[in-house]
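Text of the file upload35.txt, holding compact mmCIF, C-alpha atoms (C1' of nucleotides):
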# COMPACT_ATOMS: atom_id res chain seq x y z
CA MET A 10 -4.52 -38.30 -21.65
CA SER A 11 -5.40 -34.66 -21.51
CA ASP A 12 -3.94 -32.21 -23.94
CA GLU A 13 -3.05 -30.11 -20.94
CA MET A 14 -0.79 -32.81 -19.60
CA CYS A 15 0.83 -33.43 -22.96
CA LYS A 16 1.49 -29.76 -23.29
CA ILE A 17 3.41 -29.57 -20.05
CA LEU A 18 5.58 -32.49 -21.04
CA LEU A 19 6.12 -31.21 -24.55
CA ASP A 20 6.91 -27.74 -23.25
CA HIS A 21 9.71 -29.30 -21.29
CA GLY A 22 11.06 -31.26 -24.19
CA ILE A 23 9.62 -34.62 -23.18
CA LYS A 24 7.84 -36.91 -25.56
CA PRO A 25 4.53 -37.77 -23.89
CA THR A 26 4.52 -41.54 -24.09
CA ALA A 27 1.93 -43.65 -22.34
CA VAL A 28 4.23 -44.47 -19.44
CA ARG A 29 5.26 -40.88 -18.94
CA ARG A 30 1.72 -39.57 -19.01
CA ARG A 31 0.75 -42.20 -16.52
CA VAL A 32 3.58 -41.25 -14.18
CA TRP A 33 3.11 -37.57 -14.64
CA GLY A 34 -0.58 -37.90 -13.91
CA ALA A 35 0.23 -39.59 -10.63
CA VAL A 36 2.66 -36.89 -9.72
CA GLU A 37 1.72 -33.49 -10.99
CA HIS A 38 -0.69 -32.43 -8.28
CA ARG A 39 1.25 -33.64 -5.29
CA MET A 40 2.15 -31.19 -2.61
CA LYS A 41 4.28 -33.54 -0.57
CA ALA A 42 7.55 -35.06 -1.64
CA PHE A 43 7.30 -38.64 -2.80
CA ALA A 44 9.63 -41.55 -3.49
CA LEU A 45 9.86 -44.07 -6.26
CA SER A 46 8.50 -46.67 -3.89
CA ASP A 47 5.36 -44.61 -3.32
CA LEU A 48 4.58 -44.72 -7.00
CA GLU A 49 5.45 -48.38 -7.19
CA ASP A 50 2.87 -49.09 -4.51
CA GLU A 51 0.22 -47.02 -6.21
CA MET A 52 0.79 -48.44 -9.66
CA PRO A 53 1.74 -52.05 -9.04
CA GLU A 54 1.06 -52.95 -12.64
CA MET A 55 3.83 -50.66 -13.79
CA ASP A 56 7.47 -51.54 -14.00
CA ARG A 57 9.79 -50.08 -11.43
CA SER A 58 12.55 -49.13 -13.79
CA SER A 59 10.10 -47.48 -16.16
CA ILE A 60 8.77 -45.30 -13.36
CA PHE A 61 12.30 -44.62 -12.27
CA ARG A 62 13.36 -43.57 -15.73
CA SER A 63 10.38 -41.29 -16.07
CA LEU A 64 11.12 -39.59 -12.77
CA ARG A 65 14.74 -39.09 -13.67
CA LEU A 66 13.72 -37.71 -17.01
CA PHE A 67 11.26 -35.30 -15.43
CA ALA A 68 13.91 -34.16 -12.99
CA SER A 69 16.47 -33.59 -15.69
CA HIS A 70 13.93 -31.49 -17.54
CA GLN A 71 13.09 -29.35 -14.54
CA LEU A 72 9.61 -30.76 -14.01
CA LEU A 73 10.59 -32.29 -10.69
CA HIS A 74 13.18 -31.60 -8.06
CA GLU A 75 15.21 -34.37 -6.56
CA ILE A 76 15.38 -33.82 -2.87
CA ASP A 77 17.17 -35.59 -0.12
CA ASP A 78 15.43 -35.48 3.21
CA GLY A 79 17.84 -37.66 5.11
CA THR A 80 15.63 -40.75 5.11
CA GLY A 81 17.98 -42.42 2.69
CA LYS A 82 15.38 -42.53 -0.04
CA GLN A 83 15.50 -40.27 -3.04
CA LYS A 84 12.42 -38.07 -3.00
CA TYR A 85 10.93 -35.92 -5.67
CA CYS A 86 8.71 -32.92 -5.63
CA ARG A 87 6.87 -30.90 -8.19
CA CYS A 88 8.98 -28.02 -9.33
CA ARG A 89 7.18 -24.72 -9.19
CA CYS A 90 10.17 -22.47 -9.52
CA GLU A 91 9.99 -19.91 -12.27
CA ASP A 92 13.55 -18.75 -11.91
CA ASP A 93 16.70 -20.74 -12.32
CA GLY A 94 15.39 -24.24 -11.87
CA HIS A 95 16.80 -24.54 -8.38
CA LEU A 96 14.92 -25.42 -5.28
CA ASN A 97 14.37 -22.47 -3.06
CA HIS A 98 11.98 -23.66 -0.40
CA ILE A 99 12.66 -25.60 2.74
CA HIS A 100 11.51 -29.13 3.49
CA PHE A 101 10.20 -30.68 6.62
CA SER A 102 10.77 -34.37 7.22
CA CYS A 103 8.68 -36.01 9.91
CA VAL A 104 10.70 -38.45 11.96
CA ARG A 105 7.58 -40.34 12.99
CA CYS A 106 5.53 -40.84 9.84
CA GLY A 107 8.34 -40.35 7.37
CA ARG A 108 6.45 -37.85 5.24
CA THR A 109 8.30 -34.95 3.71
CA TYR A 110 6.55 -31.64 3.31
CA CYS A 111 7.44 -28.97 0.80
CA LEU A 112 7.06 -25.67 2.59
CA MET A 113 6.68 -23.67 -0.59
CA ASP A 114 6.32 -20.32 1.10
CA TYR A 115 9.38 -20.68 3.26
CA THR A 116 12.47 -19.75 1.34
CA ILE A 117 15.91 -20.92 2.25
CA PRO A 118 17.93 -18.25 4.02
CA ARG A 119 21.26 -17.75 2.29
CA VAL A 120 24.69 -17.95 3.86
CA ASP A 121 27.85 -16.35 2.55
CA LEU A 122 30.38 -19.10 2.03
CA PRO A 123 34.13 -18.95 2.65
CA GLU A 124 36.41 -17.99 -0.22
CA GLY A 125 36.65 -20.64 -2.92
CA PHE A 126 33.36 -22.43 -2.35
CA VAL A 127 31.09 -22.06 -5.37
CA PRO A 128 27.49 -22.84 -4.50
CA ASP A 129 25.11 -24.32 -6.98
CA ASP A 130 22.24 -25.68 -4.95
CA ILE A 131 21.07 -25.72 -1.36
CA GLU A 132 19.17 -28.26 0.67
CA TYR A 133 17.45 -27.11 3.86
CA VAL A 134 15.64 -29.91 5.69
CA VAL A 135 14.07 -29.58 9.11
CA LYS A 136 13.42 -32.83 10.93
CA GLY A 137 10.89 -33.22 13.67
CA LEU A 138 7.19 -33.87 14.10
CA CYS A 139 4.67 -32.82 11.51
CA PRO A 140 1.30 -31.33 12.50
CA SER A 141 -0.54 -34.63 12.48
CA CYS A 142 2.15 -36.44 14.45
CA SER A 143 2.75 -33.68 16.99
CA LYS A 144 -0.89 -33.65 18.05
CA GLY A 145 -0.90 -37.05 19.72
CA MET B 5 46.07 -46.47 23.22
CA SER B 6 46.44 -43.12 24.85
CA ASP B 7 44.75 -42.35 28.11
CA GLU B 8 43.50 -39.22 26.46
CA MET B 9 41.55 -41.21 23.92
CA CYS B 10 40.14 -43.58 26.52
CA LYS B 11 39.03 -40.63 28.56
CA ILE B 12 37.00 -39.15 25.77
CA LEU B 13 35.25 -42.44 25.17
CA LEU B 14 34.68 -43.08 28.85
CA ASP B 15 33.42 -39.56 29.36
CA HIS B 16 30.75 -40.33 26.81
CA GLY B 17 29.78 -43.61 28.39
CA ILE B 18 31.58 -45.83 25.91
CA LYS B 19 33.71 -48.73 26.92
CA PRO B 20 37.05 -48.24 25.15
CA THR B 21 37.55 -51.61 23.51
CA ALA B 22 40.31 -52.26 21.02
CA VAL B 23 38.02 -51.86 18.03
CA ARG B 24 36.54 -48.65 19.30
CA ARG B 25 39.88 -47.09 20.07
CA ARG B 26 41.07 -48.05 16.64
CA VAL B 27 38.04 -46.47 14.99
CA TRP B 28 38.06 -43.42 17.19
CA GLY B 29 41.74 -42.90 16.49
CA ALA B 30 40.99 -42.89 12.76
CA VAL B 31 38.22 -40.43 13.20
CA GLU B 32 38.77 -37.97 16.00
CA HIS B 33 40.90 -35.42 14.19
CA ARG B 34 39.00 -35.28 10.95
CA MET B 35 37.69 -31.98 9.77
CA LYS B 36 35.76 -33.31 6.81
CA ALA B 37 32.78 -35.56 6.92
CA PHE B 38 33.52 -39.20 6.19
CA ALA B 39 31.61 -42.33 5.34
CA LEU B 40 31.81 -45.89 6.52
CA SER B 41 33.39 -46.80 3.21
CA ASP B 42 36.22 -44.33 3.80
CA LEU B 43 37.18 -46.11 6.98
CA GLU B 44 36.79 -49.50 5.35
CA ASP B 45 39.33 -48.47 2.75
CA GLU B 46 41.77 -47.18 5.30
CA MET B 47 41.51 -50.14 7.61
CA PRO B 48 41.02 -53.09 5.30
CA GLU B 49 41.96 -55.52 8.04
CA MET B 50 38.97 -54.46 10.07
CA ASP B 51 35.48 -55.79 9.76
CA ARG B 52 32.87 -53.60 8.14
CA SER B 53 30.13 -54.27 10.61
CA SER B 54 32.44 -53.65 13.53
CA ILE B 55 33.37 -50.25 12.17
CA PHE B 56 29.73 -49.60 11.46
CA ARG B 57 28.68 -50.48 14.98
CA SER B 58 31.37 -48.30 16.44
CA LEU B 59 30.31 -45.33 14.37
CA ARG B 60 26.69 -45.78 15.29
CA LEU B 61 27.66 -46.08 18.92
CA PHE B 62 29.72 -42.90 18.77
CA ALA B 63 26.86 -41.09 17.11
CA SER B 64 24.37 -42.23 19.70
CA HIS B 65 26.70 -40.97 22.40
CA GLN B 66 27.14 -37.57 20.82
CA LEU B 67 30.73 -38.09 19.74
CA LEU B 68 29.81 -37.94 16.08
CA HIS B 69 27.05 -36.41 14.06
CA GLU B 70 25.30 -38.35 11.37
CA ILE B 71 24.90 -36.11 8.39
CA ASP B 72 23.21 -36.55 5.11
CA ASP B 73 24.79 -34.61 2.31
CA GLY B 74 22.59 -35.87 -0.47
CA THR B 75 25.13 -38.26 -1.92
CA GLY B 76 23.14 -41.22 -0.67
CA LYS B 77 25.86 -42.26 1.72
CA GLN B 78 25.61 -41.77 5.42
CA LYS B 79 28.35 -39.45 6.53
CA TYR B 80 29.69 -38.69 9.94
CA CYS B 81 31.52 -35.78 11.42
CA ARG B 82 33.20 -35.03 14.66
CA CYS B 83 30.81 -33.36 17.02
CA ARG B 84 32.17 -30.20 18.54
CA CYS B 85 28.94 -28.82 19.87
CA GLU B 86 28.90 -27.98 23.54
CA ASP B 87 25.21 -27.23 23.69
CA ASP B 88 22.31 -29.53 22.94
CA GLY B 89 24.00 -32.18 20.87
CA HIS B 90 22.47 -30.90 17.67
CA LEU B 91 24.35 -29.95 14.60
CA ASN B 92 24.42 -26.25 14.09
CA HIS B 93 26.84 -25.67 11.27
CA ILE B 94 26.30 -25.92 7.55
CA HIS B 95 27.87 -28.45 5.23
CA PHE B 96 29.26 -28.11 1.78
CA SER B 97 29.15 -31.07 -0.56
CA CYS B 98 31.33 -30.91 -3.64
CA VAL B 99 29.59 -32.28 -6.69
CA ARG B 100 32.88 -32.99 -8.41
CA CYS B 101 35.10 -34.70 -5.84
CA GLY B 102 32.33 -35.85 -3.52
CA ARG B 103 33.95 -34.49 -0.38
CA THR B 104 31.80 -32.96 2.30
CA TYR B 105 33.13 -30.06 4.31
CA CYS B 106 31.99 -29.09 7.77
CA LEU B 107 31.89 -25.32 7.86
CA MET B 108 32.08 -25.10 11.61
CA ASP B 109 31.97 -21.32 11.77
CA TYR B 110 28.91 -20.99 9.61
CA THR B 111 25.79 -21.52 11.64
CA ILE B 112 22.49 -22.55 10.15
CA PRO B 113 20.10 -19.65 9.83
CA ARG B 114 16.79 -20.48 11.47
CA VAL B 115 13.37 -20.31 9.89
CA ASP B 116 10.05 -19.97 11.70
CA LEU B 117 7.92 -22.93 10.72
CA PRO B 118 4.17 -22.99 10.13
CA GLU B 119 1.88 -23.85 13.02
CA GLY B 120 2.07 -27.48 14.10
CA PHE B 121 5.55 -28.32 12.84
CA VAL B 122 7.84 -29.17 15.74
CA PRO B 123 11.48 -28.95 14.72
CA ASP B 124 14.13 -31.15 16.26
CA ASP B 125 17.08 -30.97 13.93
CA ILE B 126 18.12 -29.10 10.82
CA GLU B 127 20.26 -30.06 7.88
CA TYR B 128 21.71 -27.30 5.69
CA VAL B 129 23.80 -28.58 2.80
CA VAL B 130 25.19 -26.44 0.03
CA LYS B 131 26.19 -28.27 -3.12
CA GLY B 132 28.65 -26.95 -5.63
CA LEU B 133 32.38 -26.83 -6.21
CA CYS B 134 34.85 -26.85 -3.36
CA PRO B 135 37.96 -24.64 -3.40
CA SER B 136 40.21 -27.27 -4.92
CA CYS B 137 37.70 -28.22 -7.60
CA SER B 138 36.67 -24.69 -8.50
CA LYS B 139 40.25 -23.68 -9.29
CA GLY B 140 40.67 -25.79 -12.42
C1' DT C 24 41.15 -67.91 40.86
C1' DA C 25 37.59 -70.45 38.46
C1' DT C 26 33.40 -70.01 36.46
C1' DA C 27 29.20 -67.98 34.87
C1' DA C 28 27.10 -64.18 32.60
C1' DA C 29 27.24 -60.37 29.63
C1' DA C 30 29.17 -57.73 25.98
C1' DA C 31 31.68 -57.25 21.79
C1' DT C 32 33.36 -59.02 17.55
C1' DG C 33 33.86 -61.30 12.89
C1' DC C 34 31.67 -63.43 9.40
C1' DA C 35 28.22 -64.38 6.28
C1' DA C 36 24.12 -63.35 4.75
C1' DC C 37 20.28 -60.41 3.96
C1' DC C 38 17.70 -56.18 2.59
C1' DA C 39 16.34 -52.02 0.33
C1' DA C 40 16.93 -48.74 -3.14
C1' DG C 41 18.89 -47.46 -7.13
C1' DT C 42 20.59 -48.65 -11.57
C1' DT C 43 21.81 -51.14 -15.85
C1' DG C 44 21.94 -54.59 -19.92
C1' DC C 45 19.37 -56.33 -23.19
C1' DA C 46 15.83 -58.13 -25.96
C1' DA C 47 11.15 -57.03 -27.32
C1' DT C 48 8.13 -53.51 -28.62
C1' DC C 49 6.63 -49.13 -30.27
C1' DA C 50 6.73 -44.74 -32.99
C1' DC C 51 8.27 -42.25 -36.51
C1' DT C 52 10.48 -41.22 -41.01
C1' DA C 53 11.86 -42.12 -45.54
C1' DT D 28 5.84 -50.63 -45.57
C1' DA D 29 10.61 -51.31 -44.17
C1' DG D 30 14.06 -49.50 -41.41
C1' DT D 31 15.82 -46.83 -37.63
C1' DG D 32 15.94 -45.10 -33.20
C1' DA D 33 13.52 -44.49 -28.86
C1' DT D 34 11.05 -46.69 -25.20
C1' DT D 35 9.73 -50.33 -22.28
C1' DG D 36 9.68 -54.63 -19.29
C1' DC D 37 12.26 -57.86 -17.15
C1' DA D 38 15.91 -59.69 -14.70
C1' DA D 39 19.94 -59.10 -12.70
C1' DC D 40 23.50 -56.41 -10.47
C1' DT D 41 25.55 -52.83 -7.26
C1' DT D 42 26.07 -50.34 -3.25
C1' DG D 43 25.43 -49.22 1.31
C1' DG D 44 23.38 -50.39 5.40
C1' DT D 45 22.00 -53.87 8.68
C1' DT D 46 21.29 -58.25 11.20
C1' DG D 47 21.76 -63.24 13.06
C1' DC D 48 24.62 -65.97 15.16
C1' DA D 49 28.57 -68.43 16.74
C1' DT D 50 32.97 -67.23 18.70
C1' DT D 51 35.77 -64.51 21.50
C1' DT D 52 36.60 -61.24 25.02
C1' DT D 53 35.47 -58.89 29.07
C1' DT D 54 33.32 -58.39 33.41
C1' DA D 55 31.19 -59.88 37.48
C1' DT D 56 30.55 -63.30 40.97
C1' DA D 57 31.24 -67.18 43.81

Structure encoded using structure tokens:
Amino acid sequence: MSDEMCKILLDHGIKPTAVRRRVWGAVEHRMKAFALSDLEDEMPEMDRSSIFRSLRLFASHQLLHEIDDGTGKQKYCRCRCEDDGHLNHIHFSCVRCGRTYCLMDYTIPRVDLPEGFVPDDIEYVVKGLCPSCSKG
Amino acid sequence: MSDEMCKILLDHGIKPTAVRRRVWGAVEHRMKAFALSDLEDEMPEMDRSSIFRSLRLFASHQLLHEIDDGTGKQKYCRCRCEDDGHLNHIHFSCVRCGRTYCLMDYTIPRVDLPEGFVPDDIEYVVKGLCPSCSKG
DNA sequence: TATAAAAATGCAACCAAGTTGCAATCACTA
DNA sequence: TAGTGATTGCAACTTGGTTGCATTTTTATA
């Protein structure tokens, strides 16, 4: 709805249709990684493939990152990188509650690769217990 | 068949049945990560779920690691860790040919996590072009 | 050794998540 | 306003993983 929201989409070359604004609104302020199924549950009146297509579109236009936390479900997180569009923070995946945290302030330490390997992107996922699950 | 093979399985608390020896034989010398589907293709006369159960068994007995390289397929690699049973090397996943390399000599750099996060395992996957694909 | 009990296997079916084909609808331009 | 292309909703399909169960094999016990 808001002009603000439209602007972000337009700035990234995305036509702000009703579906896309709806999806973006549900997504833009999230700090944790989320899956398609999360959005499905929250917006049961919306079509799965429409949400899916919006997410993929956002990801291809650098509004979201696609991350893989080892749970077998594709997750997304809000991209806040100014640089080259690549993820540069680590993720934490809780083995108990299944939530994935974006640790924005923790950058991925780099490794020099053997000759011939040309890196493009890095995924650094720590698995264990998150603060709320480690308390118990 | 070989006593050697049986010994490895027995040493890890696994009864060396025919299926398991067959699967282990197809797996033990691999340097690259592999998926269930790879073994299915190589041993078409074997049952999928039997291979699957063997792999899961091996993994639960620390003979294999289950790794997630972001391709959406569960991959496995030969465990050569002497220490705590955790993976400690990085992986390289080629976006062109889909192969996943275990870079055994490249250990995962550690990151101090925020208060409350209790790490158990780490996944470090670099995506890009492998030596054979980056040549072209 | 014969038999009972337990474990492993093969098969078919199921499930979840992602993805696609296509017709209906919408948005925009001429 | 008609025509064109993009978008959407729906249903169906694909892939990979997983499970239920009857059959077979192995192991333990009498």

| task | Show me which bits of chain D are within 9 Å of chain A, counting all atoms listed in the file, as JSON, numbers by chain. | result | {"D": [34, 35, 36, 37]}

| field | Interface list for chain C, partner chain B, 10 Å threshold, all atoms listed in the file, as a ChimeraX atom specification | value | /C:31-34,41

Please provide chain B as a CSV table (one decimal) with C-alpha atoms, in the frame of the given file, once it has been superposed on chain A by least squares across all sequentially paired Cα atoms.
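Output (part17.csv):
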chain,number,residue,atom,x,y,z
B,5,MET,CA,-4.6,-38.3,-21.7
B,6,SER,CA,-5.5,-34.7,-21.5
B,7,ASP,CA,-4.0,-32.2,-23.9
B,8,GLU,CA,-3.1,-30.1,-20.9
B,9,MET,CA,-0.9,-32.8,-19.6
B,10,CYS,CA,0.8,-33.5,-23.0
B,11,LYS,CA,1.4,-29.8,-23.3
B,12,ILE,CA,3.3,-29.6,-20.0
B,13,LEU,CA,5.5,-32.5,-21.0
B,14,LEU,CA,6.1,-31.2,-24.5
B,15,ASP,CA,6.8,-27.7,-23.2
B,16,HIS,CA,9.6,-29.3,-21.3
B,17,GLY,CA,11.0,-31.2,-24.2
B,18,ILE,CA,9.6,-34.6,-23.2
B,19,LYS,CA,7.8,-36.9,-25.5
B,20,PRO,CA,4.5,-37.8,-23.9
B,21,THR,CA,4.5,-41.5,-24.1
B,22,ALA,CA,1.9,-43.7,-22.4
B,23,VAL,CA,4.2,-44.5,-19.5
B,24,ARG,CA,5.2,-40.9,-19.0
B,25,ARG,CA,1.7,-39.6,-19.0
B,26,ARG,CA,0.7,-42.2,-16.5
B,27,VAL,CA,3.6,-41.3,-14.2
B,28,TRP,CA,3.1,-37.6,-14.6
B,29,GLY,CA,-0.6,-37.9,-13.9
B,30,ALA,CA,0.2,-39.6,-10.6
B,31,VAL,CA,2.6,-36.9,-9.7
B,32,GLU,CA,1.7,-33.5,-11.0
B,33,HIS,CA,-0.7,-32.5,-8.3
B,34,ARG,CA,1.2,-33.7,-5.3
B,35,MET,CA,2.1,-31.2,-2.6
B,36,LYS,CA,4.3,-33.6,-0.6
B,37,ALA,CA,7.6,-35.1,-1.6
B,38,PHE,CA,7.3,-38.7,-2.8
B,39,ALA,CA,9.7,-41.5,-3.5
B,40,LEU,CA,9.9,-44.1,-6.3
B,41,SER,CA,8.5,-46.7,-3.9
B,42,ASP,CA,5.4,-44.6,-3.3
B,43,LEU,CA,4.6,-44.7,-7.0
B,44,GLU,CA,5.5,-48.4,-7.2
B,45,ASP,CA,2.9,-49.1,-4.5
B,46,GLU,CA,0.2,-47.1,-6.2
B,47,MET,CA,0.8,-48.5,-9.7
B,48,PRO,CA,1.8,-52.1,-9.0
B,49,GLU,CA,1.1,-53.0,-12.7
B,50,MET,CA,3.8,-50.7,-13.8
B,51,ASP,CA,7.5,-51.5,-14.0
B,52,ARG,CA,9.8,-50.1,-11.4
B,53,SER,CA,12.6,-49.1,-13.8
B,54,SER,CA,10.1,-47.5,-16.2
B,55,ILE,CA,8.8,-45.3,-13.4
B,56,PHE,CA,12.3,-44.6,-12.3
B,57,ARG,CA,13.4,-43.5,-15.7
B,58,SER,CA,10.4,-41.3,-16.1
B,59,LEU,CA,11.1,-39.6,-12.8
B,60,ARG,CA,14.7,-39.1,-13.7
B,61,LEU,CA,13.7,-37.7,-17.0
B,62,PHE,CA,11.2,-35.3,-15.4
B,63,ALA,CA,13.9,-34.2,-13.0
B,64,SER,CA,16.4,-33.6,-15.7
B,65,HIS,CA,13.9,-31.5,-17.6
B,66,GLN,CA,13.0,-29.3,-14.5
B,67,LEU,CA,9.6,-30.8,-14.0
B,68,LEU,CA,10.6,-32.3,-10.7
B,69,HIS,CA,13.2,-31.6,-8.1
B,70,GLU,CA,15.2,-34.4,-6.6
B,71,ILE,CA,15.4,-33.8,-2.9
B,72,ASP,CA,17.2,-35.6,-0.2
B,73,ASP,CA,15.5,-35.5,3.2
B,74,GLY,CA,17.9,-37.6,5.1
B,75,THR,CA,15.7,-40.7,5.1
B,76,GLY,CA,18.1,-42.4,2.6
B,77,LYS,CA,15.4,-42.5,-0.1
B,78,GLN,CA,15.5,-40.3,-3.1
B,79,LYS,CA,12.5,-38.1,-3.0
B,80,TYR,CA,11.0,-35.9,-5.7
B,81,CYS,CA,8.7,-32.9,-5.6
B,82,ARG,CA,6.9,-30.9,-8.2
B,83,CYS,CA,8.9,-28.0,-9.3
B,84,ARG,CA,7.1,-24.7,-9.2
B,85,CYS,CA,10.1,-22.5,-9.5
B,86,GLU,CA,9.9,-20.0,-12.3
B,87,ASP,CA,13.5,-18.8,-12.0
B,88,ASP,CA,16.7,-20.7,-12.3
B,89,GLY,CA,15.4,-24.3,-11.8
B,90,HIS,CA,16.9,-24.5,-8.4
B,91,LEU,CA,15.0,-25.4,-5.3
B,92,ASN,CA,14.4,-22.5,-3.1
B,93,HIS,CA,12.0,-23.6,-0.4
B,94,ILE,CA,12.7,-25.6,2.7
B,95,HIS,CA,11.5,-29.1,3.5
B,96,PHE,CA,10.2,-30.7,6.6
B,97,SER,CA,10.8,-34.4,7.2
B,98,CYS,CA,8.7,-36.0,9.9
B,99,VAL,CA,10.7,-38.4,12.0
B,100,ARG,CA,7.6,-40.3,13.0
B,101,CYS,CA,5.5,-40.8,9.8
B,102,GLY,CA,8.3,-40.3,7.4
B,103,ARG,CA,6.5,-37.8,5.2
B,104,THR,CA,8.3,-34.9,3.7
B,105,TYR,CA,6.6,-31.6,3.3
B,106,CYS,CA,7.5,-29.0,0.8
B,107,LEU,CA,7.1,-25.6,2.5
B,108,MET,CA,6.7,-23.7,-0.7
B,109,ASP,CA,6.4,-20.3,1.0
B,110,TYR,CA,9.4,-20.7,3.2
B,111,THR,CA,12.5,-19.7,1.3
B,112,ILE,CA,16.0,-20.9,2.2
B,113,PRO,CA,17.9,-18.3,4.0
B,114,ARG,CA,21.3,-17.8,2.3
B,115,VAL,CA,24.7,-17.9,3.9
B,116,ASP,CA,27.9,-16.3,2.6
B,117,LEU,CA,30.4,-19.1,2.1
B,118,PRO,CA,34.2,-19.0,2.8
B,119,GLU,CA,36.5,-18.0,-0.1
B,120,GLY,CA,36.7,-20.6,-2.8
B,121,PHE,CA,33.4,-22.4,-2.2
B,122,VAL,CA,31.2,-22.1,-5.3
B,123,PRO,CA,27.6,-22.8,-4.4
B,124,ASP,CA,25.2,-24.3,-6.9
B,125,ASP,CA,22.3,-25.7,-4.9
B,126,ILE,CA,21.1,-25.7,-1.3
B,127,GLU,CA,19.2,-28.2,0.7
B,128,TYR,CA,17.5,-27.1,3.9
B,129,VAL,CA,15.7,-29.9,5.7
B,130,VAL,CA,14.1,-29.6,9.1
B,131,LYS,CA,13.4,-32.8,10.9
B,132,GLY,CA,10.9,-33.2,13.7
B,133,LEU,CA,7.2,-33.8,14.1
B,134,CYS,CA,4.6,-32.8,11.5
B,135,PRO,CA,1.3,-31.3,12.5
B,136,SER,CA,-0.6,-34.6,12.4
B,137,CYS,CA,2.1,-36.4,14.4
B,138,SER,CA,2.7,-33.7,16.9
B,139,LYS,CA,-1.0,-33.6,18.0
B,140,GLY,CA,-1.0,-37.0,19.7

| said: Distance limit 9 Å, atoms considered: only C-alpha atoms. Which chain B residues sit that close to chain A? Return them as a PyMOL selection string. | reply: chain B and resi 71-78+94+96+98+107+110-139

File dump, residues just selected, C-alpha atoms, as a short mmCIF file (atom, residue, chain, number, x, y, z; two decimals), in the coordinates of the input:
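As written to disk, part31.cif reads:
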data_model
loop_
_atom_site.label_atom_id
_atom_site.label_comp_id
_atom_site.auth_asym_id
_atom_site.auth_seq_id
_atom_site.Cartn_x
_atom_site.Cartn_y
_atom_site.Cartn_z
CA ILE B 71 24.90 -36.11 8.39
CA ASP B 72 23.21 -36.55 5.11
CA ASP B 73 24.79 -34.61 2.31
CA GLY B 74 22.59 -35.87 -0.47
CA THR B 75 25.13 -38.26 -1.92
CA GLY B 76 23.14 -41.22 -0.67
CA LYS B 77 25.86 -42.26 1.72
CA GLN B 78 25.61 -41.77 5.42
CA ILE B 94 26.30 -25.92 7.55
CA PHE B 96 29.26 -28.11 1.78
CA CYS B 98 31.33 -30.91 -3.64
CA LEU B 107 31.89 -25.32 7.86
CA TYR B 110 28.91 -20.99 9.61
CA THR B 111 25.79 -21.52 11.64
CA ILE B 112 22.49 -22.55 10.15
CA PRO B 113 20.10 -19.65 9.83
CA ARG B 114 16.79 -20.48 11.47
CA VAL B 115 13.37 -20.31 9.89
CA ASP B 116 10.05 -19.97 11.70
CA LEU B 117 7.92 -22.93 10.72
CA PRO B 118 4.17 -22.99 10.13
CA GLU B 119 1.88 -23.85 13.02
CA GLY B 120 2.07 -27.48 14.10
CA PHE B 121 5.55 -28.32 12.84
CA VAL B 122 7.84 -29.17 15.74
CA PRO B 123 11.48 -28.95 14.72
CA ASP B 124 14.13 -31.15 16.26
CA ASP B 125 17.08 -30.97 13.93
CA ILE B 126 18.12 -29.10 10.82
CA GLU B 127 20.26 -30.06 7.88
CA TYR B 128 21.71 -27.30 5.69
CA VAL B 129 23.80 -28.58 2.80
CA VAL B 130 25.19 -26.44 0.03
CA LYS B 131 26.19 -28.27 -3.12
CA GLY B 132 28.65 -26.95 -5.63
CA LEU B 133 32.38 -26.83 -6.21
CA CYS B 134 34.85 -26.85 -3.36
CA PRO B 135 37.96 -24.64 -3.40
CA SER B 136 40.21 -27.27 -4.92
CA CYS B 137 37.70 -28.22 -7.60
CA SER B 138 36.67 -24.69 -8.50
CA LYS B 139 40.25 -23.68 -9.29
#

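Pairwise distance (atom CA of A:His98, atom CA of A:Arg65) equals 20.5 Å.
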
| Between atom C1' of D:DT46 and atom C1' of C:DC37, distance in Å (one decimal) |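 These two atoms are separated by 7.6 Å.
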